[in-house]
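Next up, my_file_3.txt (compact mmCIF, C-alpha atoms and all ligand atoms):
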```
# COMPACT_ATOMS: atom_id res chain seq x y z
CA MET A 1 72.89 -153.01 11.54
CA ASN A 2 73.79 -153.93 7.93
CA VAL A 3 73.82 -157.65 7.25
CA ALA A 4 74.91 -159.49 4.10
CA ILE A 5 74.65 -163.19 3.38
CA ALA A 6 77.10 -164.48 0.80
CA GLY A 7 75.58 -167.61 -0.75
CA ALA A 8 71.94 -168.48 -1.37
CA GLY A 9 72.31 -172.23 -1.11
CA ILE A 10 70.44 -174.25 1.48
CA ALA A 11 72.05 -172.58 4.51
CA GLY A 12 72.13 -168.97 3.28
CA GLY A 13 68.66 -169.06 1.71
CA TYR A 14 67.10 -170.54 4.83
CA LEU A 15 68.96 -168.20 7.19
CA ALA A 16 67.64 -165.20 5.25
CA GLY A 17 64.06 -166.35 5.92
CA LEU A 18 64.72 -166.95 9.62
CA LEU A 19 66.39 -163.54 10.07
CA GLU A 20 63.50 -161.80 8.29
CA GLN A 21 61.18 -163.30 10.91
CA ARG A 22 63.36 -161.71 13.59
CA GLY A 23 63.12 -158.28 11.97
CA ILE A 24 66.54 -158.37 10.23
CA SER A 25 66.55 -157.88 6.43
CA PRO A 26 69.85 -159.14 5.05
CA ASP A 27 71.12 -158.51 1.54
CA VAL A 28 71.63 -161.92 -0.06
CA TYR A 29 74.26 -162.40 -2.78
CA ASP A 30 74.83 -165.37 -5.06
CA GLY A 31 76.31 -165.36 -8.57
CA ARG A 32 75.04 -168.94 -9.07
CA ASP A 33 78.00 -169.64 -11.34
CA HIS A 34 77.57 -173.41 -11.27
CA ALA A 35 78.61 -175.57 -14.18
CA THR A 36 75.42 -177.64 -13.84
CA ARG A 37 72.26 -177.90 -15.91
CA CYS A 38 69.97 -177.79 -12.87
CA THR A 39 71.40 -174.32 -11.95
CA CYS A 40 72.38 -175.32 -8.43
CA ARG A 41 75.44 -176.95 -6.99
CA SER A 42 75.81 -180.69 -7.69
CA CYS A 43 73.69 -182.64 -5.20
CA GLY A 44 71.74 -185.91 -4.98
CA TRP A 45 68.65 -184.08 -3.55
CA GLY A 46 68.15 -186.81 -0.93
CA VAL A 47 66.79 -185.75 2.48
CA PRO A 48 65.06 -187.30 5.48
CA MET A 49 61.39 -186.42 5.87
CA ALA A 50 62.47 -184.59 9.04
CA ILE A 51 63.15 -181.64 6.73
CA THR A 52 59.42 -180.91 7.11
CA THR A 53 59.86 -179.03 10.38
CA TYR A 54 62.62 -176.81 8.98
CA LEU A 55 60.51 -175.90 5.97
CA ALA A 56 57.45 -175.28 8.11
CA ASP A 57 59.47 -172.73 10.12
CA VAL A 58 59.63 -170.49 7.04
CA GLY A 59 56.10 -171.23 5.86
CA LEU A 60 56.99 -173.90 3.28
CA ASP A 61 55.45 -177.33 2.78
CA LEU A 62 57.48 -180.44 1.93
CA ASN A 63 54.69 -181.67 -0.36
CA ASP A 64 55.46 -178.81 -2.75
CA TYR A 65 59.01 -180.12 -3.21
CA LEU A 66 58.67 -183.86 -2.69
CA ILE A 67 59.73 -185.90 -5.73
CA GLU A 68 59.73 -189.44 -4.41
CA PRO A 69 60.00 -191.36 -1.13
CA MET A 70 63.04 -193.67 -1.03
CA SER A 71 61.71 -196.64 0.91
CA PRO A 72 62.67 -199.40 0.77
CA MET A 73 66.22 -198.58 -0.13
CA ASP A 74 69.02 -201.00 -0.97
CA PHE A 75 72.20 -200.79 1.10
CA ASP A 76 74.76 -203.12 -0.48
CA GLY A 77 72.10 -205.77 -0.95
CA LEU A 78 70.34 -205.11 2.37
CA ALA A 79 66.85 -203.70 1.91
CA ALA A 80 65.84 -201.24 4.63
CA LYS A 81 62.90 -199.01 5.35
CA THR A 82 63.93 -195.39 5.36
CA PRO A 83 62.30 -192.03 5.94
CA LEU A 84 64.35 -190.65 3.03
CA CYS A 85 63.01 -188.96 -0.07
CA THR A 86 64.19 -186.79 -2.92
CA ILE A 87 63.16 -183.16 -3.20
CA ASP A 88 63.16 -180.61 -6.00
CA LYS A 89 66.10 -178.72 -4.56
CA PRO A 90 66.40 -176.10 -7.36
CA ARG A 91 62.77 -175.14 -6.76
CA LEU A 92 63.33 -174.90 -3.00
CA LEU A 93 66.36 -172.64 -3.56
CA ARG A 94 64.33 -170.48 -5.96
CA ASP A 95 61.62 -170.09 -3.33
CA PHE A 96 64.17 -169.19 -0.66
CA ALA A 97 65.74 -166.66 -3.04
CA GLY A 98 62.38 -165.24 -4.16
CA ALA A 99 61.54 -164.42 -0.56
CA SER A 100 64.87 -162.71 0.11
CA GLY A 101 65.24 -160.61 -3.09
CA LEU A 102 68.47 -162.23 -4.20
CA LYS A 103 71.26 -160.14 -5.73
CA ARG A 104 72.57 -162.26 -8.64
CA GLN A 105 76.24 -161.61 -8.06
CA ASN A 106 78.90 -162.95 -5.76
CA LEU A 107 79.79 -160.86 -2.74
CA ARG A 108 83.18 -159.35 -3.41
CA PRO A 109 85.51 -158.28 -0.57
CA GLU A 110 85.15 -154.56 -1.52
CA THR A 111 81.35 -154.76 -1.25
CA ALA A 112 81.57 -156.84 1.93
CA GLU A 113 83.20 -153.79 3.57
CA ASP A 114 79.79 -152.07 3.58
CA TYR A 115 78.31 -154.54 6.07
CA ASP A 116 78.58 -154.80 9.86
CA ILE A 117 77.94 -158.55 9.73
CA VAL A 118 78.74 -160.77 6.76
CA VAL A 119 77.60 -164.40 6.75
CA ASP A 120 79.79 -166.78 4.79
CA ALA A 121 77.27 -169.30 3.40
CA THR A 122 79.43 -170.07 0.38
CA GLY A 123 79.61 -173.83 1.01
CA ILE A 124 82.73 -175.61 -0.15
CA ARG A 125 84.28 -172.29 -1.30
CA ARG A 126 84.36 -170.74 2.17
CA ALA A 127 85.06 -167.52 0.29
CA LEU A 128 85.26 -165.07 3.21
CA LEU A 129 86.53 -166.99 6.19
CA PRO A 130 90.14 -168.09 6.66
CA PRO A 131 90.88 -171.76 5.76
CA CYS A 132 89.58 -174.55 8.01
CA ARG A 133 92.07 -175.71 10.59
CA SER A 134 92.16 -179.23 9.10
CA ASP A 135 90.10 -179.53 5.96
CA LEU A 136 89.07 -182.81 4.31
CA THR A 137 87.16 -182.86 1.05
CA LEU A 138 85.60 -185.67 -0.93
CA PRO A 139 85.65 -185.51 -4.74
CA THR A 140 82.37 -186.53 -6.41
CA LEU A 141 80.99 -187.28 -9.84
CA GLN A 142 77.26 -187.35 -10.46
CA HIS A 143 75.22 -188.18 -13.56
CA ARG A 144 71.59 -187.51 -14.26
CA VAL A 145 70.29 -190.38 -16.36
CA THR A 146 67.06 -191.87 -17.63
CA ALA A 147 66.89 -195.60 -16.82
CA GLU A 148 64.49 -197.32 -19.20
CA SER A 149 63.46 -200.72 -18.00
CA ILE A 150 63.95 -203.64 -20.38
CA GLY A 151 61.82 -206.21 -18.51
CA GLY A 152 59.37 -203.97 -16.69
CA GLU A 153 61.39 -203.87 -13.46
CA ARG A 154 61.91 -200.47 -11.84
CA LEU A 155 65.36 -199.25 -10.75
CA GLY A 156 65.16 -198.78 -6.98
CA ALA A 157 66.92 -196.26 -4.75
CA GLY A 158 70.13 -197.50 -3.22
CA VAL A 159 73.60 -196.85 -1.95
CA SER A 160 76.59 -199.11 -2.26
CA GLY A 161 80.00 -199.09 -0.64
CA ASN A 162 81.00 -202.48 -2.02
CA ARG A 163 81.34 -201.23 -5.57
CA ILE A 164 83.99 -198.73 -4.52
CA PRO A 165 87.60 -199.79 -4.21
CA GLY A 166 88.30 -196.61 -2.24
CA LEU A 167 86.71 -195.16 0.86
CA GLY A 168 83.40 -193.88 -0.38
CA TYR A 169 80.09 -194.88 -1.85
CA LEU A 170 77.81 -194.79 -4.85
CA TRP A 171 74.20 -193.61 -4.79
CA ILE A 172 71.15 -194.08 -6.99
CA PHE A 173 68.43 -191.53 -6.17
CA PRO A 174 65.22 -191.28 -8.23
CA VAL A 175 64.38 -187.74 -9.34
CA GLY A 176 61.12 -188.37 -11.23
CA ASN A 177 60.07 -189.53 -14.73
CA ASP A 178 62.42 -192.54 -14.64
CA GLN A 179 65.34 -190.19 -14.14
CA TYR A 180 68.01 -190.76 -11.50
CA HIS A 181 70.96 -189.07 -9.89
CA ILE A 182 73.66 -191.70 -10.00
CA GLY A 183 76.76 -190.50 -8.26
CA ILE A 184 79.94 -191.53 -6.62
CA GLY A 185 82.07 -189.93 -3.94
CA GLY A 186 85.32 -191.34 -2.70
CA LEU A 187 88.64 -190.52 -1.13
CA ASN A 188 91.64 -191.78 -3.11
CA LEU A 189 89.48 -192.48 -6.17
CA ILE A 190 90.99 -191.21 -9.38
CA ARG A 191 88.76 -192.74 -12.09
CA GLN A 192 85.23 -192.27 -10.77
CA ASP A 193 83.88 -192.26 -14.35
CA ARG A 194 85.08 -195.86 -14.83
CA LEU A 195 83.14 -197.02 -11.79
CA LEU A 196 79.94 -195.45 -13.10
CA GLU A 197 80.55 -196.99 -16.54
CA GLN A 198 80.99 -200.35 -14.82
CA LEU A 199 77.66 -199.90 -13.03
CA TYR A 200 75.89 -199.15 -16.35
CA ARG A 201 77.49 -202.25 -17.88
CA ASP A 202 76.42 -204.42 -14.93
CA PHE A 203 72.82 -203.20 -15.23
CA SER A 204 72.75 -203.22 -19.03
CA GLY A 205 70.70 -206.43 -19.34
CA ARG A 206 67.92 -204.89 -17.26
CA PHE A 207 68.02 -201.17 -18.07
CA SER A 208 69.02 -198.91 -20.88
CA PHE A 209 70.60 -195.66 -19.67
CA THR A 210 70.56 -192.24 -21.33
CA LEU A 211 72.92 -189.65 -19.90
CA HIS A 212 71.53 -186.09 -19.52
CA CYS A 213 74.29 -184.35 -17.59
CA SER A 214 77.38 -184.99 -15.57
CA CYS A 215 79.10 -182.87 -12.94
CA HIS A 216 82.17 -183.05 -10.78
CA ASP A 217 82.14 -181.41 -7.36
CA THR A 218 83.59 -181.73 -3.87
CA ILE A 219 82.02 -182.13 -0.43
CA ARG A 220 83.57 -180.83 2.78
CA VAL A 221 83.70 -183.86 5.10
CA ALA A 222 86.02 -182.23 7.64
CA SER A 223 83.31 -181.92 10.36
CA PRO A 224 82.65 -178.62 12.18
CA HIS A 225 85.24 -179.43 14.84
CA TYR A 226 88.01 -179.31 12.20
CA SER A 227 86.40 -176.43 10.26
CA THR A 228 87.08 -173.74 12.84
CA PRO A 229 87.30 -170.77 13.01
CA PHE A 230 83.57 -170.22 12.50
CA PHE A 231 83.96 -166.45 12.76
CA VAL A 232 86.48 -163.62 12.61
CA ARG A 233 86.26 -160.06 13.88
CA LYS A 234 87.85 -157.46 11.62
CA THR A 235 88.42 -153.74 11.63
CA ARG A 236 87.25 -152.02 8.46
CA MET A 237 89.13 -149.26 6.61
CA ASP A 238 87.10 -146.62 8.48
CA GLY A 239 88.03 -148.16 11.86
CA THR A 240 84.61 -149.72 12.56
CA PRO A 241 84.30 -153.38 13.60
CA GLN A 242 82.97 -156.12 11.34
CA LEU A 243 81.96 -159.71 12.07
CA ILE A 244 82.31 -162.47 9.47
CA ILE A 245 80.56 -165.67 10.44
CA GLY A 246 80.13 -168.99 8.62
CA VAL A 247 77.09 -171.24 8.28
CA GLY A 248 76.40 -174.61 6.64
CA GLU A 249 79.00 -176.46 4.64
CA SER A 250 81.41 -173.52 4.86
CA ILE A 251 81.88 -174.60 8.49
CA GLY A 252 81.55 -178.33 7.79
CA THR A 253 77.99 -179.24 8.81
CA VAL A 254 78.02 -182.33 6.61
CA SER A 255 78.10 -185.97 7.71
CA PRO A 256 81.69 -187.11 7.00
CA PHE A 257 80.44 -190.68 6.31
CA THR A 258 77.49 -189.96 4.04
CA GLY A 259 78.09 -186.46 2.65
CA GLU A 260 74.57 -185.58 3.77
CA GLY A 261 74.54 -181.82 4.29
CA ILE A 262 71.10 -180.43 3.50
CA VAL A 263 69.29 -180.98 6.79
CA HIS A 264 72.43 -180.36 8.85
CA SER A 265 73.00 -177.03 7.10
CA LEU A 266 69.39 -176.06 7.81
CA GLU A 267 69.94 -176.97 11.45
CA CYS A 268 73.14 -174.91 11.51
CA ALA A 269 71.30 -171.89 10.05
CA ARG A 270 68.62 -172.30 12.70
CA ILE A 271 71.27 -172.26 15.45
CA LEU A 272 72.80 -169.12 13.97
CA ALA A 273 69.42 -167.38 13.89
CA ASP A 274 68.65 -168.48 17.46
CA THR A 275 71.98 -167.23 18.83
CA TRP A 276 72.15 -164.08 16.63
CA PRO A 277 74.44 -162.14 16.88
CA ASN A 278 76.52 -163.98 19.48
CA PRO A 279 79.31 -165.85 17.65
CA GLU A 280 80.79 -167.42 20.78
CA ASP A 281 77.45 -168.90 21.80
CA TYR A 282 76.86 -170.01 18.21
CA THR A 283 80.25 -171.75 18.03
CA ARG A 284 79.68 -173.59 21.30
CA THR A 285 76.21 -174.75 20.27
CA VAL A 286 77.29 -175.93 16.80
CA LEU A 287 80.23 -177.89 18.23
CA VAL A 288 77.98 -179.62 20.76
CA ARG A 289 75.11 -180.30 18.33
CA PHE A 290 77.42 -181.80 15.71
CA ALA A 291 79.90 -183.52 18.06
CA TRP A 292 79.06 -186.84 16.35
CA MET A 293 80.54 -185.50 13.10
CA LYS A 294 83.92 -185.16 14.85
CA LYS A 295 83.76 -188.90 15.66
CA GLU A 296 82.96 -189.78 12.04
CA ARG A 297 85.89 -187.65 10.91
CA LYS A 298 88.15 -189.48 13.35
CA THR A 299 87.14 -192.77 11.78
CA LEU A 300 87.97 -191.43 8.31
CA ASP A 301 91.35 -190.19 9.55
CA TYR A 302 92.00 -193.62 11.06
CA LEU A 303 91.03 -195.51 7.89
CA LEU A 304 93.23 -193.21 5.85
CA SER A 305 96.21 -193.70 8.17
CA PRO A 306 98.72 -196.59 7.95
CA GLU A 307 97.16 -198.13 11.11
CA GLY A 308 93.78 -198.18 9.41
CA ARG A 309 95.03 -200.62 6.78
CA SER A 310 93.64 -203.50 8.82
CA GLY A 311 90.12 -202.14 8.29
CA PRO A 312 87.48 -200.64 10.56
CA ARG A 313 87.68 -201.23 14.31
CA LEU A 314 84.67 -202.05 16.44
CA GLN A 315 84.15 -198.36 17.28
CA ASP A 316 84.28 -197.49 13.56
CA ARG A 317 81.64 -200.11 12.74
CA TRP A 318 79.52 -198.78 15.55
CA ARG A 319 79.86 -195.24 14.17
CA PHE A 320 78.83 -196.42 10.68
CA PHE A 321 75.84 -198.15 12.19
CA ARG A 322 74.89 -195.05 14.26
CA SER A 323 75.28 -192.92 11.16
CA SER A 324 72.64 -194.97 9.34
CA ARG A 325 70.28 -194.82 12.35
CA ARG A 326 70.53 -191.04 12.67
CA PRO A 327 68.26 -190.19 9.71
CA GLY A 328 66.05 -193.16 10.68
CA ILE A 329 67.37 -195.95 8.42
CA ARG A 330 66.51 -199.30 9.99
CA LEU A 331 69.28 -201.73 9.07
CA PRO A 332 69.42 -205.07 10.93
CA MET A 333 72.31 -204.54 13.33
CA LEU A 334 74.24 -207.82 13.12
CA GLU A 335 73.98 -208.03 9.35
CA ALA A 336 75.02 -204.41 8.95
CA PHE A 337 77.96 -204.89 11.32
CA SER A 338 79.30 -207.89 9.44
CA ARG A 339 78.96 -206.22 6.04
CA MET A 340 80.87 -203.19 7.22
CA GLY A 341 83.86 -205.51 7.27
CA SER A 342 83.80 -205.22 3.48
CA LEU A 343 85.12 -201.72 3.97
CA SER A 344 88.52 -203.31 4.40
CA ARG A 345 88.37 -204.29 0.73
CA TRP A 346 89.28 -200.76 -0.24
CA LEU A 347 92.72 -201.37 1.17
CA GLU A 348 93.42 -204.12 -1.33
CA THR A 349 93.03 -201.75 -4.31
CA PRO A 350 93.93 -198.34 -2.92
CA GLU A 351 93.60 -196.42 -6.19
CA ILE A 352 91.67 -196.72 -9.39
C1 LIG B 401 77.60 -184.61 -5.62
C2 LIG B 401 76.98 -184.21 -4.31
C3 LIG B 401 75.84 -184.87 -3.87
C4 LIG B 401 75.23 -184.50 -2.67
N1 LIG B 401 74.09 -185.12 -2.31
C5 LIG B 401 73.48 -184.78 -1.17
C6 LIG B 401 72.25 -185.37 -0.81
O1 LIG B 401 71.67 -186.16 -1.55
N2 LIG B 401 71.70 -185.01 0.38
C7 LIG B 401 72.28 -184.12 1.22
O2 LIG B 401 71.75 -183.86 2.30
N3 LIG B 401 73.44 -183.50 0.89
C8 LIG B 401 74.04 -183.80 -0.29
N4 LIG B 401 75.19 -183.15 -0.66
C9 LIG B 401 75.72 -182.10 0.21
C10 LIG B 401 74.86 -180.85 0.14
O3 LIG B 401 74.59 -180.53 -1.22
C11 LIG B 401 75.55 -179.67 0.80
O4 LIG B 401 76.16 -180.05 2.00
C12 LIG B 401 74.56 -178.55 1.10
O5 LIG B 401 73.98 -178.11 -0.10
C13 LIG B 401 75.31 -177.41 1.77
O6 LIG B 401 74.53 -176.25 1.71
P1 LIG B 401 75.22 -174.82 1.84
O7 LIG B 401 74.12 -173.83 1.68
O8 LIG B 401 76.07 -174.75 3.04
O9 LIG B 401 76.23 -174.72 0.59
P2 LIG B 401 75.88 -174.74 -0.96
O10 LIG B 401 74.65 -175.49 -1.24
O11 LIG B 401 77.12 -175.17 -1.65
O12 LIG B 401 75.61 -173.21 -1.32
C14 LIG B 401 76.64 -172.25 -1.35
C15 LIG B 401 76.23 -171.14 -2.28
O13 LIG B 401 77.20 -170.08 -2.19
C16 LIG B 401 77.36 -169.51 -3.46
N5 LIG B 401 78.62 -168.76 -3.48
C17 LIG B 401 79.89 -169.23 -3.59
N6 LIG B 401 80.78 -168.21 -3.50
C18 LIG B 401 80.04 -167.08 -3.33
C19 LIG B 401 80.38 -165.69 -3.12
N7 LIG B 401 81.64 -165.25 -3.09
N8 LIG B 401 79.37 -164.80 -2.97
C20 LIG B 401 78.06 -165.21 -2.99
N9 LIG B 401 77.70 -166.50 -3.14
C21 LIG B 401 78.67 -167.43 -3.31
C22 LIG B 401 77.28 -170.69 -4.42
O14 LIG B 401 76.89 -170.27 -5.71
C23 LIG B 401 76.21 -171.56 -3.75
O15 LIG B 401 74.93 -171.33 -4.28
C24 LIG B 401 75.81 -183.47 -1.87
C25 LIG B 401 76.95 -182.80 -2.32
C26 LIG B 401 77.53 -183.15 -3.52
C27 LIG B 401 78.75 -182.40 -4.01
```
Show this structure as structure tokens.
Amino acid sequence: MNVAIAGAGIAGGYLAGLLEQRGISPDVYDGRDHATRCTCRSCGWGVPMAITTYLADVGLDLNDYLIEPMSPMDFDGLAAKTPLCTIDKPRLLRDFAGASGLKRQNLRPETAEDYDIVVDATGIRRALLPPCRSDLTLPTLQHRVTAESIGGERLGAGVSGNRIPGLGYLWIFPVGNDQYHIGIGGLNLIRQDRLLEQLYRDFSGRFSFTLHCSCHDTIRVASPHYSTPFFVRKTRMDGTPQLIIGVGESIGTVSPFTGEGIVHSLECARILADTWPNPEDYTRTVLVRFAWMKKERKTLDYLLSPEGRSGPRLQDRWRFFRSSRRPGIRLPMLEAFSRMGSLSRWLETPEI
């Protein structure tokens, strides 16, 4: 059976390693045509330490990729212990690709015809599957900066929703040598650059910032439930059947609230390998495993609707709180609940 994986990002690169272990040697394609300096798709590189078990499954060690633990972390002024860290994602992708013998070109439809099974691991592009049944994407802008301290204080890791007049958040993730990914993602935000400039101005008495690079991108926050179909069966020109099946962000395995997609895409790839090649079983398992993402998406839909203008309901606050607990962030519940009310502020200034 001929197998191709289109996309050597987190999901495709990891899947290739898992399939190799099961005696399947896929051809992996990726043109890597990203307009970024780090050579991979724009990303904060933040993960929970729980990534360890996924890496161990393909013989890799988190310590080889670990940049910095992110604990404590500031959440809109609330300091919390977290099991989060930043990793050298470009290096991890290189190691995935090195093991799979990457073909440095995108998989074109003509070439895809040669394969019995084609995996669409093309992330936001979803290049080979039909469109999601109800897509939702979040525009982002991320800078890589050096933050030089003026008074000896160190810039800590943090996320902030209060600085955003739209539905979204801003993140500050350390990536080593006093460098940071400072990014912003928001629905209904037009001038993200102004919000980042404002942040630099607000911090200017304490830090001096040097910009290294800047990239715009988009995250699929639709949830898997709204990103079906996960697979299609086709008949090729010669009359033989072909299966096209999606994995990772192409089928929406990203937290709609946080945009966190690395570990969830690894988990999705693991499910695909475990159910290989049974697309019905795979679909069922993915929908069950990521059912919580459907609830987060429902909250976003509500907040974006006219009814949502009065701000988050109790169930929405609960979902935000659960979302922070999932990767192991320990926010004090009552405090976190009351601050989530500030989400309603976005309604007062719907666009910037
Ligand atoms: C600004 C930003 C910040 C983020 N920060 C974080 C974070 O800190 N932590 C976190 O967990 N998640 C984060 N995410 C989300 C996370 O990066 C993604 O969800 C995750 O990388 C998805 O992995 P993937 O392999 O499914 O897709 P991708 O990583 O997007 O990989 C898809 C690959 O497919 C390739 N490709 C595209 N078309 C073709 C084709 N036709 N043929 C062959 N290859 C093709 C692309 O070149 C790419 O390498 C962030 C996203 C953005 C945009």
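The protein and nucleic acid residues lying at most 9 Å from Ser25 in chain A are A:Asn2, A:Val3, A:Ala4, A:Ala16, A:Gly17, A:Leu19, A:Glu20, A:Ser100, with all atoms listed in the file considered and sequence neighbours fewer than 5 positions away removed.
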>> As a quick test: using only C-alpha atoms and all ligand atoms, which residues lie no more than 6 Å away from ligand LIG 401 (chain B)? Give them as a count of residues only.
In response: 42
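CA of Leu331 in chain A sits 10.1 Å away from CA of Asp74 in chain A.
Rounded to one decimal, CA of Tyr200 in chain A and CA of Ile182 in chain A lie 10.0 Å from each other.
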>> Env of Gly186 in chain A: 8 Å cut, atoms = only C-alpha atoms, seq-sep filter 6 positions within chain, self excluded. Answer as a ChimeraX atom specification.
In response: /A:138-140,164,166-169
>> My list of candidates is A:Asn162, A:Thr228, A:Thr275, A:Ser223. Which is closest to Met293 in chain A when distances are computed with all atoms listed in the file?
In response: A:Ser223
> With distances taken over only C-alpha atoms, which of A:Ile245, A:Lys81, A:Thr299, A:Leu287 is nearest to Leu272 in chain A?
Replying inline: A:Ile245
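For the choices A:Pro327, A:Pro312, A:Gly161, A:Pro332, the atom-to-atom distance to Leu300 in chain A is smallest for A:Pro312 when using only C-alpha atoms.
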Give me the residues near Ile51 in chain A as a compact mmCIF listing (two decimals) with C-alpha atoms, keeping the file's coordinate frame, where near means some atom within 9 Å (using all atoms listed in the file) and where sequence neighbours in that chain fewer than 2 positions away do not count.
```
# COMPACT_ATOMS: atom_id res chain seq x y z
CA VAL A 47 66.79 -185.75 2.48
CA PRO A 48 65.06 -187.30 5.48
CA MET A 49 61.39 -186.42 5.87
CA THR A 53 59.86 -179.03 10.38
CA TYR A 54 62.62 -176.81 8.98
CA LEU A 55 60.51 -175.90 5.97
CA ALA A 56 57.45 -175.28 8.11
CA LEU A 62 57.48 -180.44 1.93
CA ILE A 262 71.10 -180.43 3.50
CA VAL A 263 69.29 -180.98 6.79
CA LEU A 266 69.39 -176.06 7.81
```
> Leaving out Arg322 in chain A and any residue of its chain fewer than 4 positions from it, which residues lie within 12 Å of it when counting all atoms listed in the file, given as a ChimeraX atom specification?
Replying inline: /A:255,257-258,292-293,295-296,315-318,326-333,336-337
Please, could you write that set of residues out with C-alpha atoms as an mmCIF file, in the coordinates of the input?
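Wrote it out as result-v8.cif, contents follow:
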```
data_model
loop_
_atom_site.group_PDB
_atom_site.id
_atom_site.type_symbol
_atom_site.label_atom_id
_atom_site.label_comp_id
_atom_site.auth_asym_id
_atom_site.auth_seq_id
_atom_site.Cartn_x
_atom_site.Cartn_y
_atom_site.Cartn_z
ATOM 1 C CA SER A 255 78.100 -185.970 7.710
ATOM 2 C CA PHE A 257 80.440 -190.680 6.310
ATOM 3 C CA THR A 258 77.490 -189.960 4.040
ATOM 4 C CA TRP A 292 79.060 -186.840 16.350
ATOM 5 C CA MET A 293 80.540 -185.500 13.100
ATOM 6 C CA LYS A 295 83.760 -188.900 15.660
ATOM 7 C CA GLU A 296 82.960 -189.780 12.040
ATOM 8 C CA GLN A 315 84.150 -198.360 17.280
ATOM 9 C CA ASP A 316 84.280 -197.490 13.560
ATOM 10 C CA ARG A 317 81.640 -200.110 12.740
ATOM 11 C CA TRP A 318 79.520 -198.780 15.550
ATOM 12 C CA ARG A 326 70.530 -191.040 12.670
ATOM 13 C CA PRO A 327 68.260 -190.190 9.710
ATOM 14 C CA GLY A 328 66.050 -193.160 10.680
ATOM 15 C CA ILE A 329 67.370 -195.950 8.420
ATOM 16 C CA ARG A 330 66.510 -199.300 9.990
ATOM 17 C CA LEU A 331 69.280 -201.730 9.070
ATOM 18 C CA PRO A 332 69.420 -205.070 10.930
ATOM 19 C CA MET A 333 72.310 -204.540 13.330
ATOM 20 C CA ALA A 336 75.020 -204.410 8.950
ATOM 21 C CA PHE A 337 77.960 -204.890 11.320
#
```
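Among the candidates A:Tyr115, A:Gly77, A:Arg108, A:Asp64, the residue lying nearest to Thr235 in chain A is A:Tyr115 (atoms considered: all atoms listed in the file).
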> What does the distance from CA of Leu84 in chain A to CA of Thr285 in chain A come to in Å, to one decimal?
Replying inline: 26.3 Å
>> I'd like the neighbourhood of Arg191 in chain A as a ChimeraX atom specification, where a residue qualifies if any of its atoms comes within 12 Å (using only C-alpha atoms), though same-chain residues fewer than 2 positions away should be ignored.
In response: /A:139-141,164-166,184-189,193-198,216,350-352
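Residue nearest Arg284 in chain A, chosen from A:Arg201, A:Arg144, A:His225, A:Arg220 and counting all atoms listed in the file: A:His225.
Of the listed residues (A:Gly308, A:Gly183, A:Gly158, A:Gly252), A:Gly183 comes nearest to His143 in chain A; the distances count all atoms listed in the file.
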> Do you know which residues lie at most 10 Å from (64.1, -190.4, -2.5), with coordinates as in the file and all atoms listed in the file counted, and could you write them as a PyMOL selection string?
Replying inline: chain A and resi 44-49+66-73+82-87+156-158+172-176+180
Restricting it to C-alpha atoms, dump the selection as a JSON list (two decimals), in the frame of the given file.
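part-v3.json written:
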```
[["chain", "number", "residue", "atom", "x", "y", "z"],
["A", 44, "GLY", "CA", 71.74, -185.91, -4.98],
["A", 45, "TRP", "CA", 68.65, -184.08, -3.55],
["A", 46, "GLY", "CA", 68.15, -186.81, -0.93],
["A", 47, "VAL", "CA", 66.79, -185.75, 2.48],
["A", 48, "PRO", "CA", 65.06, -187.30, 5.48],
["A", 49, "MET", "CA", 61.39, -186.42, 5.87],
["A", 66, "LEU", "CA", 58.67, -183.86, -2.69],
["A", 67, "ILE", "CA", 59.73, -185.90, -5.73],
["A", 68, "GLU", "CA", 59.73, -189.44, -4.41],
["A", 69, "PRO", "CA", 60.00, -191.36, -1.13],
["A", 70, "MET", "CA", 63.04, -193.67, -1.03],
["A", 71, "SER", "CA", 61.71, -196.64, 0.91],
["A", 72, "PRO", "CA", 62.67, -199.40, 0.77],
["A", 73, "MET", "CA", 66.22, -198.58, -0.13],
["A", 82, "THR", "CA", 63.93, -195.39, 5.36],
["A", 83, "PRO", "CA", 62.30, -192.03, 5.94],
["A", 84, "LEU", "CA", 64.35, -190.65, 3.03],
["A", 85, "CYS", "CA", 63.01, -188.96, -0.07],
["A", 86, "THR", "CA", 64.19, -186.79, -2.92],
["A", 87, "ILE", "CA", 63.16, -183.16, -3.20],
["A", 156, "GLY", "CA", 65.16, -198.78, -6.98],
["A", 157, "ALA", "CA", 66.92, -196.26, -4.75],
["A", 158, "GLY", "CA", 70.13, -197.50, -3.22],
["A", 172, "ILE", "CA", 71.15, -194.08, -6.99],
["A", 173, "PHE", "CA", 68.43, -191.53, -6.17],
["A", 174, "PRO", "CA", 65.22, -191.28, -8.23],
["A", 175, "VAL", "CA", 64.38, -187.74, -9.34],
["A", 176, "GLY", "CA", 61.12, -188.37, -11.23],
["A", 180, "TYR", "CA", 68.01, -190.76, -11.50]]
```
